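One file, input01.txt, carrying compact mmCIF, C-alpha atoms and all ligand atoms:
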```txt
# COMPACT_ATOMS: atom_id res chain seq x y z
CA MET A 1331 46.55 -214.41 -28.24
CA ALA A 1332 45.74 -210.72 -27.75
CA VAL A 1333 44.64 -208.85 -30.85
CA SER A 1334 46.40 -205.54 -31.45
CA ASP A 1335 44.33 -202.50 -30.46
CA GLY A 1336 45.99 -200.13 -32.89
CA ALA A 1337 45.59 -199.56 -36.62
CA ASP A 1338 48.80 -201.50 -37.40
CA GLY A 1339 47.08 -204.74 -38.27
CA PHE A 1340 44.40 -203.08 -40.41
CA ASP A 1341 43.91 -204.63 -43.83
CA PRO A 1342 41.54 -202.56 -46.03
CA GLU A 1343 40.93 -205.60 -48.25
CA THR A 1344 39.40 -207.68 -45.50
CA ASP A 1345 38.71 -205.42 -42.52
CA PRO A 1346 35.79 -203.00 -42.28
CA VAL A 1347 36.74 -199.32 -42.54
CA LEU A 1348 34.14 -198.51 -39.92
CA ARG A 1349 33.03 -200.86 -37.18
CA ALA A 1350 30.56 -200.16 -34.42
CA ASP A 1351 30.33 -202.74 -31.70
CA GLY A 1352 27.45 -202.78 -29.21
CA LEU A 1353 26.95 -199.05 -29.58
CA THR A 1354 24.52 -197.87 -26.91
CA LYS A 1355 23.34 -194.40 -25.95
CA ARG A 1356 21.02 -193.62 -23.08
CA PHE A 1357 19.48 -190.27 -22.30
CA GLY A 1358 18.45 -190.63 -18.66
CA ASP A 1359 16.51 -193.89 -18.58
CA PHE A 1360 15.59 -193.69 -22.28
CA THR A 1361 17.72 -195.89 -24.53
CA ALA A 1362 18.01 -194.18 -27.92
CA LEU A 1363 20.62 -196.58 -29.26
CA ASP A 1364 20.67 -200.16 -28.08
CA GLY A 1365 23.64 -202.37 -28.87
CA VAL A 1366 24.17 -201.44 -32.51
CA ASP A 1367 26.73 -203.44 -34.50
CA LEU A 1368 27.79 -202.08 -37.87
CA ASP A 1369 30.50 -203.02 -40.38
CA VAL A 1370 31.19 -200.82 -43.39
CA ARG A 1371 33.71 -202.00 -45.98
CA ALA A 1372 36.02 -199.83 -48.10
CA GLY A 1373 34.25 -198.42 -51.15
CA GLU A 1374 30.81 -199.37 -49.89
CA PHE A 1375 27.78 -197.10 -50.22
CA ARG A 1376 25.86 -197.93 -47.06
CA SER A 1377 22.57 -196.39 -46.14
CA VAL A 1378 21.13 -196.41 -42.64
CA ILE A 1379 17.41 -195.94 -42.71
CA GLY A 1380 14.62 -195.98 -40.16
CA PRO A 1381 11.46 -194.18 -39.16
CA ASN A 1382 11.68 -190.88 -37.28
CA GLY A 1383 12.93 -191.43 -33.75
CA ALA A 1384 14.66 -194.71 -34.66
CA GLY A 1385 18.00 -193.39 -33.39
CA LYS A 1386 19.67 -192.52 -36.71
CA THR A 1387 20.99 -189.12 -35.67
CA THR A 1388 22.08 -190.50 -32.31
CA LEU A 1389 24.03 -193.20 -34.16
CA PHE A 1390 25.54 -190.56 -36.46
CA ASN A 1391 26.56 -188.45 -33.45
CA CYS A 1392 28.17 -191.42 -31.70
CA LEU A 1393 30.08 -192.34 -34.87
CA THR A 1394 31.32 -188.79 -35.49
CA GLY A 1395 32.11 -188.04 -31.86
CA ALA A 1396 29.47 -185.38 -31.21
CA LEU A 1397 28.05 -187.74 -28.55
CA ARG A 1398 29.90 -190.11 -26.25
CA PRO A 1399 28.19 -193.52 -26.27
CA THR A 1400 27.05 -194.98 -22.95
CA ALA A 1401 28.54 -198.31 -23.99
CA GLY A 1402 30.15 -199.95 -26.99
CA SER A 1403 32.93 -198.89 -29.31
CA VAL A 1404 33.67 -197.30 -32.69
CA ARG A 1405 36.64 -198.36 -34.75
CA PHE A 1406 37.92 -196.54 -37.81
CA ARG A 1407 40.51 -198.28 -39.99
CA GLY A 1408 41.19 -200.62 -37.10
CA GLU A 1409 41.75 -197.87 -34.54
CA ASP A 1410 39.50 -197.42 -31.51
CA VAL A 1411 38.21 -193.85 -31.93
CA THR A 1412 35.37 -194.11 -29.37
CA ARG A 1413 36.89 -191.46 -27.14
CA LEU A 1414 38.33 -189.17 -29.80
CA ALA A 1415 36.96 -185.66 -30.35
CA PRO A 1416 35.12 -184.98 -33.63
CA HIS A 1417 38.02 -183.02 -35.17
CA GLU A 1418 40.44 -185.84 -34.34
CA ARG A 1419 38.18 -188.23 -36.25
CA VAL A 1420 38.02 -185.83 -39.21
CA ARG A 1421 41.82 -185.70 -39.27
CA ARG A 1422 41.93 -189.48 -39.46
CA GLY A 1423 39.69 -189.41 -42.54
CA MET A 1424 36.18 -189.56 -41.12
CA GLY A 1425 34.47 -186.76 -43.03
CA ARG A 1426 31.11 -185.68 -41.78
CA SER A 1427 28.49 -183.28 -42.85
CA PHE A 1428 29.25 -179.99 -41.17
CA GLN A 1429 26.66 -178.26 -39.05
CA ILE A 1430 24.82 -175.48 -40.83
CA SER A 1431 26.55 -172.96 -38.57
CA THR A 1432 30.01 -173.82 -39.87
CA VAL A 1433 29.11 -172.48 -43.30
CA PHE A 1434 30.28 -168.88 -42.92
CA GLY A 1435 27.56 -166.85 -44.63
CA GLY A 1436 29.70 -163.73 -44.88
CA LEU A 1437 32.53 -165.55 -46.62
CA SER A 1438 32.59 -166.56 -50.25
CA VAL A 1439 31.90 -170.09 -51.39
CA ARG A 1440 35.60 -170.46 -52.24
CA GLU A 1441 36.76 -169.22 -48.81
CA ASN A 1442 34.43 -171.65 -47.08
CA VAL A 1443 35.86 -174.58 -49.02
CA ARG A 1444 39.41 -173.36 -48.52
CA LEU A 1445 38.99 -173.08 -44.74
CA ALA A 1446 37.68 -176.65 -44.60
CA ALA A 1447 40.60 -177.88 -46.73
CA GLN A 1448 43.06 -175.99 -44.53
CA SER A 1449 41.55 -177.36 -41.35
CA VAL A 1450 43.13 -180.74 -42.06
CA ALA A 1451 46.26 -179.46 -43.83
CA GLU A 1452 49.48 -179.98 -41.93
CA GLY A 1453 50.14 -177.48 -39.14
CA ALA A 1454 46.62 -176.08 -39.39
CA GLY A 1455 46.29 -176.21 -35.61
CA GLU A 1456 48.95 -173.55 -35.12
CA ILE A 1457 47.48 -171.01 -37.51
CA SER A 1458 44.81 -168.61 -36.32
CA LEU A 1459 41.61 -168.18 -38.29
CA ARG A 1460 42.63 -164.64 -39.18
CA GLN A 1461 46.01 -165.72 -40.54
CA GLU A 1462 44.37 -168.51 -42.46
CA LEU A 1463 42.03 -166.10 -44.15
CA PHE A 1464 44.67 -163.64 -45.23
CA SER A 1465 47.62 -165.90 -45.99
CA PRO A 1466 48.76 -165.82 -49.61
CA THR A 1467 47.40 -168.89 -51.34
CA ASP A 1468 50.84 -169.91 -52.63
CA ARG A 1469 51.75 -170.86 -49.08
CA PHE A 1470 48.95 -173.39 -49.36
CA ALA A 1471 49.32 -174.58 -52.93
CA GLY A 1472 47.92 -178.01 -52.07
CA VAL A 1473 44.99 -176.39 -50.33
CA ALA A 1474 44.33 -174.11 -53.30
CA ASP A 1475 44.39 -177.04 -55.73
CA ARG A 1476 42.11 -179.05 -53.52
CA THR A 1477 39.75 -176.08 -53.22
CA ASP A 1478 39.49 -175.75 -57.00
CA ALA A 1479 38.92 -179.48 -57.44
CA VAL A 1480 36.15 -179.48 -54.84
CA LEU A 1481 34.44 -176.41 -56.31
CA SER A 1482 34.35 -178.15 -59.66
CA ASP A 1483 33.17 -181.48 -58.19
CA ILE A 1484 30.23 -179.86 -56.43
CA GLY A 1485 29.35 -177.75 -59.47
CA LEU A 1486 29.84 -174.39 -57.76
CA ALA A 1487 32.97 -173.20 -59.59
CA ASP A 1488 31.02 -170.43 -61.28
CA ARG A 1489 29.59 -169.27 -57.95
CA ALA A 1490 32.89 -169.39 -56.06
CA GLY A 1491 32.98 -165.65 -55.45
CA GLU A 1492 29.43 -165.48 -54.13
CA HIS A 1493 28.77 -164.96 -50.42
CA ALA A 1494 27.59 -168.29 -48.99
CA ARG A 1495 24.55 -166.58 -47.47
CA ASN A 1496 23.29 -165.75 -50.94
CA LEU A 1497 23.15 -169.37 -52.06
CA ALA A 1498 19.81 -171.04 -52.67
CA HIS A 1499 19.02 -173.96 -50.36
CA GLY A 1500 20.14 -176.62 -52.86
CA ASP A 1501 23.44 -174.87 -53.57
CA ARG A 1502 23.96 -174.46 -49.85
CA ARG A 1503 23.70 -178.24 -49.52
CA ARG A 1504 26.22 -178.60 -52.34
CA LEU A 1505 28.56 -176.35 -50.41
CA GLU A 1506 28.10 -178.43 -47.25
CA LEU A 1507 29.02 -181.50 -49.27
CA GLY A 1508 32.04 -179.57 -50.54
CA LEU A 1509 33.15 -178.84 -46.99
CA VAL A 1510 33.15 -182.58 -46.29
CA LEU A 1511 35.05 -183.33 -49.51
CA ALA A 1512 37.60 -180.62 -48.79
CA THR A 1513 38.90 -182.68 -45.88
CA ASP A 1514 39.67 -185.51 -48.35
CA PRO A 1515 37.92 -188.16 -46.28
CA ASP A 1516 38.26 -191.94 -46.55
CA LEU A 1517 34.76 -192.27 -45.17
CA VAL A 1518 31.93 -189.79 -45.57
CA LEU A 1519 29.09 -189.70 -43.06
CA LEU A 1520 25.96 -187.78 -44.04
CA ASP A 1521 22.86 -187.31 -41.88
CA GLU A 1522 19.77 -186.68 -44.01
CA PRO A 1523 21.37 -184.39 -46.58
CA THR A 1524 17.99 -183.97 -48.26
CA ALA A 1525 16.12 -182.79 -45.17
CA GLY A 1526 13.84 -179.88 -46.01
CA MET A 1527 14.06 -180.39 -49.78
CA GLY A 1528 11.27 -180.89 -52.25
CA SER A 1529 11.13 -184.10 -54.28
CA GLU A 1530 12.96 -182.80 -57.35
CA GLU A 1531 15.77 -181.23 -55.32
CA THR A 1532 15.97 -184.39 -53.22
CA ARG A 1533 16.41 -186.52 -56.33
CA ARG A 1534 19.12 -184.21 -57.64
CA THR A 1535 20.94 -184.16 -54.30
CA ILE A 1536 21.03 -187.96 -54.03
CA ALA A 1537 22.31 -188.08 -57.63
CA LEU A 1538 24.98 -185.54 -56.67
CA VAL A 1539 25.99 -187.53 -53.59
CA GLU A 1540 26.26 -190.65 -55.72
CA GLU A 1541 28.25 -188.86 -58.42
CA VAL A 1542 30.63 -186.88 -56.24
CA LEU A 1543 31.22 -189.57 -53.64
CA SER A 1544 31.28 -192.66 -55.86
CA ASP A 1545 34.97 -193.30 -55.17
CA ARG A 1546 34.57 -192.97 -51.39
CA THR A 1547 33.17 -195.08 -48.63
CA LEU A 1548 29.84 -193.58 -47.71
CA LEU A 1549 27.48 -193.93 -44.79
CA LEU A 1550 24.29 -192.11 -45.65
CA ILE A 1551 21.59 -191.69 -43.05
CA GLU A 1552 18.22 -191.21 -44.64
CA HIS A 1553 14.65 -191.28 -43.49
CA ASP A 1554 13.07 -191.98 -46.87
CA ILE A 1555 13.43 -195.69 -47.64
CA ASP A 1556 12.57 -195.36 -51.35
CA LEU A 1557 15.28 -192.81 -51.94
CA VAL A 1558 18.25 -194.99 -51.09
CA MET A 1559 17.20 -198.23 -52.76
CA ASN A 1560 18.73 -197.53 -56.17
CA VAL A 1561 22.01 -196.11 -54.95
CA SER A 1562 23.06 -198.23 -51.96
CA ASP A 1563 25.22 -201.35 -51.96
CA ALA A 1564 23.72 -202.30 -48.61
CA VAL A 1565 21.04 -200.94 -46.32
CA THR A 1566 20.86 -201.11 -42.54
CA VAL A 1567 17.47 -200.58 -40.95
CA LEU A 1568 17.31 -199.04 -37.49
CA HIS A 1569 14.19 -199.42 -35.41
CA ARG A 1570 13.81 -198.29 -31.80
CA GLY A 1571 17.55 -198.01 -31.43
CA GLN A 1572 18.31 -201.48 -32.73
CA VAL A 1573 19.42 -202.92 -36.06
CA LEU A 1574 16.36 -204.60 -37.49
CA ALA A 1575 18.00 -205.80 -40.70
CA THR A 1576 21.08 -205.32 -42.88
CA GLY A 1577 21.38 -206.47 -46.47
CA PRO A 1578 21.20 -205.64 -50.15
CA PRO A 1579 18.44 -203.12 -51.05
CA GLU A 1580 16.22 -205.71 -52.79
CA ARG A 1581 16.17 -207.92 -49.74
CA ILE A 1582 15.49 -205.00 -47.40
CA ALA A 1583 12.64 -203.73 -49.59
CA ALA A 1584 11.01 -207.16 -49.50
CA ASP A 1585 11.47 -207.68 -45.74
CA ASP A 1586 8.20 -207.95 -43.82
CA GLU A 1587 9.70 -206.74 -40.54
CA VAL A 1588 11.04 -203.65 -42.29
CA GLN A 1589 7.67 -202.89 -43.87
CA LYS A 1590 6.01 -203.25 -40.48
CA ALA A 1591 8.54 -200.96 -38.79
CA TYR A 1592 7.88 -198.28 -41.36
CA LEU A 1593 4.12 -198.61 -41.23
CA GLY A 1594 4.18 -198.60 -37.43
CA GLY A 1595 6.73 -195.79 -37.18
CA VAL A 1596 5.89 -192.16 -36.67
CA ARG A 1597 5.92 -190.40 -40.01
CA GLU A 1598 6.31 -186.66 -39.89
P1 LIG B 1601 16.18 -190.19 -35.76
O1 LIG B 1601 17.35 -189.39 -36.22
O2 LIG B 1601 16.17 -191.59 -36.24
O3 LIG B 1601 14.87 -189.51 -36.09
P2 LIG B 1601 17.16 -189.54 -33.10
O4 LIG B 1601 18.45 -190.24 -32.99
O5 LIG B 1601 17.19 -188.09 -33.37
O6 LIG B 1601 16.23 -190.29 -34.17
O7 LIG B 1601 16.34 -189.77 -31.77
C1 LIG B 1601 16.09 -191.06 -31.26
C2 LIG B 1601 15.34 -190.94 -29.95
O8 LIG B 1601 16.19 -190.38 -28.97
C3 LIG B 1601 14.12 -190.02 -30.06
O9 LIG B 1601 13.09 -190.58 -29.29
C4 LIG B 1601 14.62 -188.74 -29.46
O10 LIG B 1601 13.56 -188.03 -28.86
C5 LIG B 1601 15.62 -189.22 -28.43
N1 LIG B 1601 16.69 -188.24 -28.20
C6 LIG B 1601 17.58 -187.82 -29.13
N2 LIG B 1601 18.45 -186.95 -28.58
C7 LIG B 1601 18.09 -186.80 -27.29
C8 LIG B 1601 18.59 -186.02 -26.18
N3 LIG B 1601 19.67 -185.23 -26.33
N4 LIG B 1601 17.97 -186.14 -25.00
C9 LIG B 1601 16.92 -186.96 -24.85
N5 LIG B 1601 16.40 -187.71 -25.82
C10 LIG B 1601 16.96 -187.65 -27.03
MG MG B 1602 17.65 -187.69 -37.43
```

As a first step, turn the structure in this file into structure tokens.
Amino acid sequence: MAVSDGADGFDPETDPVLRADGLTKRFGDFTALDGVDLDVRAGEFRSVIGPNGAGKTTLFNCLTGALRPTAGSVRFRGEDVTRLAPHERVRRGMGRSFQISTVFGGLSVRENVRLAAQSVAEGAGEISLRQELFSPTDRFAGVADRTDAVLSDIGLADRAGEHARNLAHGDRRRLELGLVLATDPDLVLLDEPTAGMGSEETRRTIALVEEVLSDRTLLLIEHDIDLVMNVSDAVTVLHRGQVLATGPPERIAADDEVQKAYLGGVRE
């Protein structure tokens, strides 16, 4: 019997929220991603790790829609989203870390969060950016509430009036996390949120991710294997575009193949 293609038959208790099936991405004759299968369950904190060049960002881009895979499929809550644009995935509840450039430096922290919240609010598509910026907030009461909640969650309530460009690097990362949260996602995808941070800031950022996103399903892509071991429910190791291992952190840490991949990988 044919299995329904749509989200109708989706059961969050038993079915993975996110499923990648044979995900493959070639750049010319180079295969960056090679038949990756991935199942992420509701409420899970999943980390995807791997040495530099393993294909982590390529995987992230195929999952979020920034790249079209050469082969394979991505399902979100039972729906095939492989061919959907990034914003269509965000609307369905796939929150992703925004590109640096979508933080508007000349706008306040609050306005940045509010724009992200509004981007998924009903009818947002029909409203121009200019109207969005200058609309009275009472027209968007839900958006205003959500904005306040997010500002508090990310610990930037007292800096809400500050221009985003004046934020220190760590606070900037908090704001980026806030932009993801503002879209009220069922699944959050983060690609190396600690890139460029020192060890103390890295530790604090991972703690923040764990704290703020503990009630969400999270797929965290991270280069540093040690960093994710204490916080993840399960870890997937990518190596040369393929899944080398998936399992609980303790098992991954003790895996010989994983150790070899890291020792043999290019460390930057
Ligand atoms: P990671 O995020 O794990 O460090 P990437 O996914 O960024 O790895 O890259 C995986 C491999 O694919 C690397 O060898 C990289 O050079 C290559 N690659 C990534 N993007 C492109 C592209 N647009 N064109 C050609 N090669 C690419
Ligand atoms: Mg990367």

For this session: Let me have all residues with an atom within 12 Å of ligand MG 1602 (chain B), counting all atoms listed in the file, laid out as a PyMOL selection string.
Result: chain A and resi 1362+1378-1391+1520-1525+1550-1554+1568+1571+1598

For this session: Kindly indicate which residue among A:Leu1348, A:Ala1471, A:Leu1437, A:Cys1392 lies nearest to ligand LIG 1601 (chain B), using all atoms listed in the file for the distances.
Result: A:Cys1392

Exercise. Near stretch 1500-1507 of chain A, counting only C-alpha atoms, which residues have an atom at most 10 Å away, once you skip same-chain residues fewer than 3 positions from it, shown as a ChimeraX atom specification?
Worked result: /A:1425-1430,1432-1433,1435,1439-1440,1442-1443,1480-1481,1483-1486,1489-1490,1494-1497,1510-1512,1518,1520,1523-1528,1531-1532,1534-1535,1538-1539,1542-1543

Same residues, C-alpha atoms, saved as a compact mmCIF listing (two decimals), keeping the file's coordinate frame:
```txt
# COMPACT_ATOMS: atom_id res chain seq x y z
CA GLY A 1425 34.47 -186.76 -43.03
CA ARG A 1426 31.11 -185.68 -41.78
CA SER A 1427 28.49 -183.28 -42.85
CA PHE A 1428 29.25 -179.99 -41.17
CA GLN A 1429 26.66 -178.26 -39.05
CA ILE A 1430 24.82 -175.48 -40.83
CA THR A 1432 30.01 -173.82 -39.87
CA VAL A 1433 29.11 -172.48 -43.30
CA GLY A 1435 27.56 -166.85 -44.63
CA VAL A 1439 31.90 -170.09 -51.39
CA ARG A 1440 35.60 -170.46 -52.24
CA ASN A 1442 34.43 -171.65 -47.08
CA VAL A 1443 35.86 -174.58 -49.02
CA VAL A 1480 36.15 -179.48 -54.84
CA LEU A 1481 34.44 -176.41 -56.31
CA ASP A 1483 33.17 -181.48 -58.19
CA ILE A 1484 30.23 -179.86 -56.43
CA GLY A 1485 29.35 -177.75 -59.47
CA LEU A 1486 29.84 -174.39 -57.76
CA ARG A 1489 29.59 -169.27 -57.95
CA ALA A 1490 32.89 -169.39 -56.06
CA ALA A 1494 27.59 -168.29 -48.99
CA ARG A 1495 24.55 -166.58 -47.47
CA ASN A 1496 23.29 -165.75 -50.94
CA LEU A 1497 23.15 -169.37 -52.06
CA VAL A 1510 33.15 -182.58 -46.29
CA LEU A 1511 35.05 -183.33 -49.51
CA ALA A 1512 37.60 -180.62 -48.79
CA VAL A 1518 31.93 -189.79 -45.57
CA LEU A 1520 25.96 -187.78 -44.04
CA PRO A 1523 21.37 -184.39 -46.58
CA THR A 1524 17.99 -183.97 -48.26
CA ALA A 1525 16.12 -182.79 -45.17
CA GLY A 1526 13.84 -179.88 -46.01
CA MET A 1527 14.06 -180.39 -49.78
CA GLY A 1528 11.27 -180.89 -52.25
CA GLU A 1531 15.77 -181.23 -55.32
CA THR A 1532 15.97 -184.39 -53.22
CA ARG A 1534 19.12 -184.21 -57.64
CA THR A 1535 20.94 -184.16 -54.30
CA LEU A 1538 24.98 -185.54 -56.67
CA VAL A 1539 25.99 -187.53 -53.59
CA VAL A 1542 30.63 -186.88 -56.24
CA LEU A 1543 31.22 -189.57 -53.64
```

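Among A:Gly1395, A:Pro1342, A:Gly1402, A:Gly1373, the residue with the shortest atom-to-atom distance to A:Lys1355, counting all atoms listed in the file, is A:Gly1402.
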
For this session: Within 8 Å of A:Ala1415, counting only C-alpha atoms, which residues show up once you throw out same-chain ones fewer than 3 positions away? Write them as a PyMOL selection string, please.
Result: chain A and resi 1395-1396+1418-1419

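In this comparison, which uses only C-alpha atoms, the residue of A:Asp1516, A:Asp1475, A:Glu1343, A:Glu1492 approaching A:Ser1438 most closely is A:Glu1492.
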
Exercise. Which of these residues is nearest to ligand LIG 1601 (chain B), using all atoms listed in the file: A:Leu1517, A:Ile1536, A:Val1558, A:Val1567?
Worked result: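 Looking at the shortest contact to ligand LIG 1601 (chain B), the residue is A:Val1567.
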
Exercise. Using all atoms listed in the file, which of A:Pro1416, A:Gly1352, A:Pro1399, A:Gly1408 sits nearest ligand LIG 1601 (chain B)?
Worked result: A:Pro1399

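Across A:Asp1359, A:Glu1530, A:Asp1351, A:Asp1345, the tightest approach to ligand LIG 1601 (chain B) is made by A:Asp1359 when counting only C-alpha atoms and all ligand atoms.
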
For this session: In Å, rounded to a single decimal, give me how far atom CA of A:Val1420 is from atom CA of A:Thr1394.
Result: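 One can read the atom CA of A:Thr1394 to atom CA of A:Val1420 distance as 8.2 Å.
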
Exercise. In Å, with one decimal, what is the gap from atom CA of A:Leu1519 to atom C10 of ligand LIG 1601 (chain B)?
Worked result: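 Between atom CA of A:Leu1519 and atom C10 of ligand LIG 1601 (chain B) the gap is 20.2 Å.
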
With 5 Å on each side, where is the centre of the axis-aligned box around all listed atoms of stretch 1422-1427 of chain A, and how long are its edges in Å to one decimal, as AutoDock Vina command-line options?
```
--center_x 35.2 --center_y -186.4 --center_z -41.2 --size_x 23.4 --size_y 16.3 --size_z 13.6
```

For this session: Please indicate the distance in Å from atom CA of A:Ala1474 to atom CA of A:Leu1549, rounded to one decimal place.
Result: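 Answer for the atom CA of A:Ala1474 to atom CA of A:Leu1549 separation: 27.4 Å.
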